[in-house]
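Student: I am sharing my_file.cif, which consists of mmCIF, C-alpha atoms:
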data_upload
loop_
_atom_site.label_atom_id
_atom_site.label_comp_id
_atom_site.auth_asym_id
_atom_site.auth_seq_id
_atom_site.Cartn_x
_atom_site.Cartn_y
_atom_site.Cartn_z
CA MET U 30 0.00 0.00 0.00
CA PHE U 31 1.04 3.53 -0.66
CA PRO U 32 1.40 5.77 2.37
CA MET U 33 -1.37 8.36 2.58
CA PRO U 34 -0.35 11.95 3.34
CA PRO U 35 -1.98 13.43 6.42
CA PRO U 36 -5.14 15.42 5.70
CA ALA U 37 -4.61 19.15 5.38
CA THR U 38 -5.96 21.16 8.24
CA LEU U 39 -6.90 24.77 8.46
CA ASP U 40 -3.86 25.54 10.60
CA SER U 41 -1.43 24.03 8.08
CA GLN U 42 -2.89 26.05 5.21
CA GLY U 43 -3.29 29.30 7.06
CA PRO U 44 -6.34 31.55 7.41
CA ASP U 45 -5.72 33.41 4.12
CA THR U 46 -6.05 30.21 2.09
CA HIS U 47 -9.24 29.27 3.91
CA MET U 48 -10.85 32.68 3.34
CA ALA U 49 -9.88 32.67 -0.33
CA ALA U 50 -11.48 29.27 -0.78
CA MET U 51 -14.68 30.47 0.92
CA SER U 52 -15.03 33.52 -1.31
CA ARG U 53 -14.19 31.66 -4.52
CA HIS U 54 -17.64 31.09 -6.01
CA GLU U 55 -18.07 31.11 -9.74
CA ARG U 56 -20.72 33.67 -10.54
CA PRO U 57 -23.65 31.85 -12.15
CA THR U 58 -25.08 32.86 -15.49
CA LEU U 59 -28.34 34.78 -15.67
CA VAL U 60 -30.37 31.63 -16.37
CA GLN U 61 -28.63 29.66 -13.60
CA ALA U 62 -29.26 32.44 -11.06
CA MET U 63 -32.93 32.65 -12.06
CA LEU U 64 -33.36 28.86 -11.84
CA ARG U 65 -31.75 28.84 -8.40
CA GLY U 66 -34.19 31.50 -7.25
CA LEU U 67 -37.09 29.67 -8.91
CA ARG U 68 -36.22 26.64 -6.76
CA GLY U 69 -36.16 28.85 -3.64
CA ARG U 70 -32.39 28.56 -3.20
CA CYS U 71 -29.67 31.17 -2.71
CA PRO U 72 -28.71 32.62 -6.13
CA HIS U 73 -25.06 32.75 -5.07
CA CYS U 74 -24.38 29.20 -3.82
CA GLU U 75 -27.64 27.28 -4.52
CA ARG U 76 -27.37 25.46 -1.18
CA GLY U 77 -28.99 27.92 1.22
CA ALA U 78 -32.70 28.66 1.48
CA LEU U 79 -33.96 31.88 -0.10
CA TYR U 80 -36.94 32.31 2.25
CA TRP U 81 -37.46 31.90 5.96
CA LYS U 82 -41.25 32.32 5.63
CA TYR U 83 -43.70 32.32 2.71
CA LEU U 84 -42.33 35.45 1.00
CA LYS U 85 -39.86 36.68 3.63
CA VAL U 86 -36.36 36.65 2.17
CA GLU U 87 -33.51 35.42 4.39
CA PRO U 88 -31.33 38.42 5.27
CA ARG U 89 -28.18 36.32 4.71
CA CYS U 90 -27.69 32.88 3.22
CA GLN U 91 -27.22 30.39 6.04
CA VAL U 92 -24.63 28.46 3.99
CA CYS U 93 -22.42 31.02 2.21
CA GLY U 94 -23.31 34.22 4.10
CA HIS U 95 -24.30 36.14 0.94
CA ASP U 96 -26.49 39.19 1.65
CA ILE U 97 -29.74 38.22 -0.08
CA ALA U 98 -31.81 41.08 1.36
CA GLN U 99 -29.94 43.62 -0.78
CA TYR U 100 -31.93 42.77 -3.93
CA PRO U 101 -35.05 44.99 -4.17
CA ALA U 102 -37.75 42.70 -5.55
CA ASP U 103 -40.52 45.18 -4.60
CA ASP U 104 -43.60 44.86 -6.88
CA GLY U 105 -41.95 43.14 -9.85
CA PRO U 106 -42.79 39.56 -8.82
CA ALA U 107 -46.45 40.43 -8.24
CA TYR U 108 -46.75 42.00 -11.70
CA PHE U 109 -45.11 39.01 -13.40
CA THR U 110 -47.26 36.55 -11.42
CA ILE U 111 -50.44 38.33 -12.48
CA LEU U 112 -49.19 38.40 -16.08
CA ILE U 113 -48.46 34.65 -16.05
CA VAL U 114 -51.70 33.61 -14.35
CA GLY U 115 -53.72 35.93 -16.56
CA HIS U 116 -52.27 34.53 -19.77
CA LEU U 117 -52.12 30.85 -18.79
CA LEU U 118 -55.41 30.52 -16.89
CA VAL U 119 -57.75 33.47 -17.35
CA ALA U 120 -57.43 33.90 -21.12
CA PRO U 121 -58.17 30.23 -21.92
CA LEU U 122 -61.09 30.25 -19.45
CA LEU U 123 -62.78 32.99 -21.47
CA LEU U 124 -62.96 30.65 -24.48
CA PHE U 125 -65.32 28.21 -22.71
CA PRO U 126 -69.02 29.05 -23.10
CA ILE U 127 -69.85 27.73 -19.61
CA ILE U 128 -68.08 30.76 -18.13
CA TRP U 129 -70.65 33.02 -19.77
CA GLN U 130 -73.73 30.79 -19.40
CA ALA U 131 -73.52 29.50 -15.81
CA PRO U 132 -74.88 31.56 -12.90
CA ALA U 133 -72.40 33.99 -11.41
CA ALA U 134 -72.94 32.56 -7.92
CA ILE U 135 -71.43 29.28 -9.15
CA MET U 136 -68.79 30.57 -11.56
CA LEU U 137 -67.23 33.21 -9.32
CA PRO U 138 -66.11 30.81 -6.57
CA ALA U 139 -65.39 28.06 -9.12
CA THR U 140 -62.91 30.31 -10.92
CA LEU U 141 -61.63 32.70 -8.25
CA ILE U 142 -60.58 30.04 -5.73
CA PRO U 143 -58.36 28.11 -8.20
CA LEU U 144 -56.99 31.39 -9.58
CA ALA U 145 -56.10 32.58 -6.07
CA ALA U 146 -54.48 29.21 -5.28
CA ALA U 147 -52.46 29.30 -8.51
CA THR U 148 -51.35 32.87 -7.83
CA LEU U 149 -50.28 32.08 -4.26
CA ALA U 150 -48.43 28.96 -5.40
CA LEU U 151 -46.63 30.78 -8.21
CA LEU U 152 -45.70 33.99 -6.37
CA PRO U 153 -42.74 32.65 -4.29
CA ARG U 154 -41.27 30.97 -7.36
CA VAL U 155 -41.55 34.11 -9.47
CA LYS U 156 -40.11 36.21 -6.64
CA GLY U 157 -37.17 33.80 -6.35
CA ALA U 158 -36.51 33.97 -10.08
CA PHE U 159 -36.77 37.77 -9.91
CA ILE U 160 -34.22 37.90 -7.07
CA GLY U 161 -31.97 35.61 -9.13
CA LEU U 162 -32.32 38.03 -12.05
CA LEU U 163 -31.40 41.00 -9.85
CA TYR U 164 -28.41 39.04 -8.51
CA ALA U 165 -27.19 38.17 -12.02
CA LEU U 166 -27.61 41.77 -13.21
CA LYS U 167 -25.94 43.09 -10.01
CA VAL U 168 -28.86 45.37 -9.17
CA LYS U 169 -28.78 46.24 -5.47
CA GLU U 170 -30.96 48.32 -3.20
CA GLN U 171 -28.24 50.93 -2.66
CA ASP U 172 -28.21 51.50 -6.45
CA ALA U 173 -31.85 52.64 -6.48
CA HIS U 174 -30.88 56.25 -7.19
CA LEU U 175 -29.32 55.10 -10.48
CA HIS U 176 -32.46 53.31 -11.71
CA THR U 177 -35.18 55.84 -11.06
CA ALA U 178 -36.88 58.49 -13.14
CA ASP U 179 -37.11 60.75 -10.07
CA MET U 180 -33.65 62.08 -10.88
CA ALA U 181 -35.09 63.77 -13.99
CA ASP U 182 -37.33 66.02 -11.89
#
In structure tokens, how does this file's structure come out?

Tutor:
Amino acid sequence: MFPMPPPATLDSQGPDTHMAAMSRHERPTLVQAMLRGLRGRCPHCERGALYWKYLKVEPRCQVCGHDIAQYPADDGPAYFTILIVGHLLVAPLLLFPIIWQAPAAIMLPATLIPLAAATLALLPRVKGAFIGLLYALKVKEQDAHLHTADMAD
């Protein structure tokens, strides 16, 4: 048998090597970052959770320590969710004659409840993808003054 070298420890490599290895993450592409967010994972490392509650973003990734709260999702995810649900569910519903012929007391709950459920199920995924997009484009909350039309006034 060949002799095995002893495993390297943090002390033998020094703290500078350890810190360099921790900060050495390849920056994901735009699509990779959006898919990571879509899955509810940290857009930086993909291992940490993006949310700590339904739509509450973790301030920092529990795995890599990346500051996730710096990406201003604001109203963008809600707009995209409404756009997606409207085009995929509402528009096709309007093609069925039963929507127009059935009593409103039956059709309103029969359509609004599934639409609300679809919207609530889709919103965290769209918000995650939106945060991934902001991460990939390097848009941060402190850059808000650069991206606003208020400067023109």

Student: Which residues, named as in the file, does the PyMOL selection byres ((chain U and resi 114-130) around 9) pick out? Answer as a list in words.

Tutor: Phe109, Thr110, Ile111, Leu112, Ile113, Ala131, Pro132, Ala133, Met136, Thr140, Leu144, Ala147, Thr148 and Leu151 of chain U

Student: List as JSON, numbers by chain the residues having at least one atom at most 8 Å from position (-36.5, 48.1, -1.2) as given in the file, counting only C-alpha atoms.

Tutor: {"U": [99, 100, 101, 102, 103, 170]}

Student: Got a sec: who's within 9 Å of Leu64 (chain U), counting all atoms listed in the file, leaving out chain neighbours fewer than 6 positions off, as a PyMOL selection string?

Tutor: chain U and resi 70+72+157-158+161

Student: Which residues, named as in the file, does the PyMOL selection byres ((chain U and resi 159) around 9) pick out? Answer as a list in words.

Tutor: Met63, Gly66, Leu67, Ala102, Gly105, Pro106, Arg154, Val155, Lys156, Gly157, Ala158, Ile160, Gly161, Leu162, Leu163 and Tyr164 of chain U

Student: Between CA of Cys93 (chain U) and CA of Lys167 (chain U), what is the distance, to one decimal in Å?

Tutor: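 Separating CA of Cys93 (chain U) from CA of Lys167 (chain U) is a distance of 17.5 Å.
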
Student: Please indicate the distance in Å from CA of Leu59 (chain U) to CA of Cys74 (chain U), rounded to one decimal place.

Tutor: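 A separation of 13.7 Å between them.
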
Student: Provide region 149-176 of chain U rebuilt to N, CA and C atoms, formatted as an mmCIF file, in the coordinates of the input.

Tutor:
data_model
loop_
_atom_site.group_PDB
_atom_site.id
_atom_site.type_symbol
_atom_site.label_atom_id
_atom_site.label_comp_id
_atom_site.auth_asym_id
_atom_site.auth_seq_id
_atom_site.Cartn_x
_atom_site.Cartn_y
_atom_site.Cartn_z
ATOM 1 N N LEU U 149 -51.045 32.237 -5.499
ATOM 2 C CA LEU U 149 -50.280 32.080 -4.260
ATOM 3 C C LEU U 149 -49.201 31.009 -4.379
ATOM 4 N N ALA U 150 -49.437 30.001 -5.191
ATOM 5 C CA ALA U 150 -48.430 28.960 -5.400
ATOM 6 C C ALA U 150 -47.293 29.450 -6.291
ATOM 7 N N LEU U 151 -47.611 30.307 -7.246
ATOM 8 C CA LEU U 151 -46.630 30.780 -8.210
ATOM 9 C C LEU U 151 -45.795 31.953 -7.690
ATOM 10 N N LEU U 152 -46.360 32.758 -6.812
ATOM 11 C CA LEU U 152 -45.700 33.990 -6.370
ATOM 12 C C LEU U 152 -44.318 33.770 -5.751
ATOM 13 N N PRO U 153 -44.099 32.819 -4.833
ATOM 14 C CA PRO U 153 -42.740 32.650 -4.290
ATOM 15 C C PRO U 153 -41.729 32.202 -5.348
ATOM 16 N N ARG U 154 -42.175 31.425 -6.311
ATOM 17 C CA ARG U 154 -41.270 30.970 -7.360
ATOM 18 C C ARG U 154 -40.870 32.127 -8.288
ATOM 19 N N VAL U 155 -41.833 32.953 -8.628
ATOM 20 C CA VAL U 155 -41.550 34.110 -9.470
ATOM 21 C C VAL U 155 -40.672 35.107 -8.721
ATOM 22 N N LYS U 156 -40.943 35.297 -7.431
ATOM 23 C CA LYS U 156 -40.110 36.210 -6.640
ATOM 24 C C LYS U 156 -38.682 35.690 -6.556
ATOM 25 N N GLY U 157 -38.518 34.381 -6.381
ATOM 26 C CA GLY U 157 -37.170 33.800 -6.350
ATOM 27 C C GLY U 157 -36.437 33.995 -7.653
ATOM 28 N N ALA U 158 -37.130 33.766 -8.774
ATOM 29 C CA ALA U 158 -36.510 33.970 -10.080
ATOM 30 C C ALA U 158 -36.162 35.447 -10.286
ATOM 31 N N PHE U 159 -37.009 36.336 -9.787
ATOM 32 C CA PHE U 159 -36.770 37.770 -9.910
ATOM 33 C C PHE U 159 -35.535 38.179 -9.097
ATOM 34 N N ILE U 160 -35.401 37.627 -7.893
ATOM 35 C CA ILE U 160 -34.220 37.900 -7.070
ATOM 36 C C ILE U 160 -32.976 37.345 -7.756
ATOM 37 N N GLY U 161 -33.089 36.160 -8.360
ATOM 38 C CA GLY U 161 -31.970 35.610 -9.130
ATOM 39 C C GLY U 161 -31.587 36.512 -10.289
ATOM 40 N N LEU U 162 -32.581 37.089 -10.956
ATOM 41 C CA LEU U 162 -32.320 38.030 -12.050
ATOM 42 C C LEU U 162 -31.588 39.268 -11.544
ATOM 43 N N LEU U 163 -32.052 39.823 -10.428
ATOM 44 C CA LEU U 163 -31.400 41.000 -9.850
ATOM 45 C C LEU U 163 -29.968 40.668 -9.438
ATOM 46 N N TYR U 164 -29.757 39.470 -8.892
ATOM 47 C CA TYR U 164 -28.410 39.040 -8.510
ATOM 48 C C TYR U 164 -27.510 38.960 -9.743
ATOM 49 N N ALA U 165 -28.001 38.342 -10.805
ATOM 50 C CA ALA U 165 -27.190 38.170 -12.020
ATOM 51 C C ALA U 165 -26.885 39.512 -12.680
ATOM 52 N N LEU U 166 -27.817 40.452 -12.614
ATOM 53 C CA LEU U 166 -27.610 41.770 -13.210
ATOM 54 C C LEU U 166 -26.904 42.743 -12.268
ATOM 55 N N LYS U 167 -26.631 42.290 -11.041
ATOM 56 C CA LYS U 167 -25.940 43.090 -10.010
ATOM 57 C C LYS U 167 -26.697 44.356 -9.652
ATOM 58 N N VAL U 168 -28.023 44.249 -9.583
ATOM 59 C CA VAL U 168 -28.860 45.370 -9.170
ATOM 60 C C VAL U 168 -29.083 45.236 -7.670
ATOM 61 N N LYS U 169 -28.675 46.268 -6.927
ATOM 62 C CA LYS U 169 -28.780 46.240 -5.470
ATOM 63 C C LYS U 169 -29.626 47.400 -4.984
ATOM 64 N N GLU U 170 -30.098 47.293 -3.758
ATOM 65 C CA GLU U 170 -30.960 48.320 -3.200
ATOM 66 C C GLU U 170 -30.255 49.671 -3.103
ATOM 67 N N GLN U 171 -28.962 49.660 -2.777
ATOM 68 C CA GLN U 171 -28.240 50.930 -2.660
ATOM 69 C C GLN U 171 -28.034 51.617 -4.010
ATOM 70 N N ASP U 172 -28.315 50.910 -5.112
ATOM 71 C CA ASP U 172 -28.210 51.500 -6.450
ATOM 72 C C ASP U 172 -29.528 52.095 -6.935
ATOM 73 N N ALA U 173 -30.514 52.186 -6.074
ATOM 74 C CA ALA U 173 -31.850 52.640 -6.480
ATOM 75 C C ALA U 173 -31.810 54.034 -7.109
ATOM 76 N N HIS U 174 -30.941 54.895 -6.638
ATOM 77 C CA HIS U 174 -30.880 56.250 -7.190
ATOM 78 C C HIS U 174 -30.420 56.254 -8.650
ATOM 79 N N LEU U 175 -29.757 55.189 -9.090
ATOM 80 C CA LEU U 175 -29.320 55.100 -10.480
ATOM 81 C C LEU U 175 -30.419 54.621 -11.432
ATOM 82 N N HIS U 176 -31.442 53.965 -10.882
ATOM 83 C CA HIS U 176 -32.460 53.310 -11.710
ATOM 84 C C HIS U 176 -33.824 53.975 -11.579
#
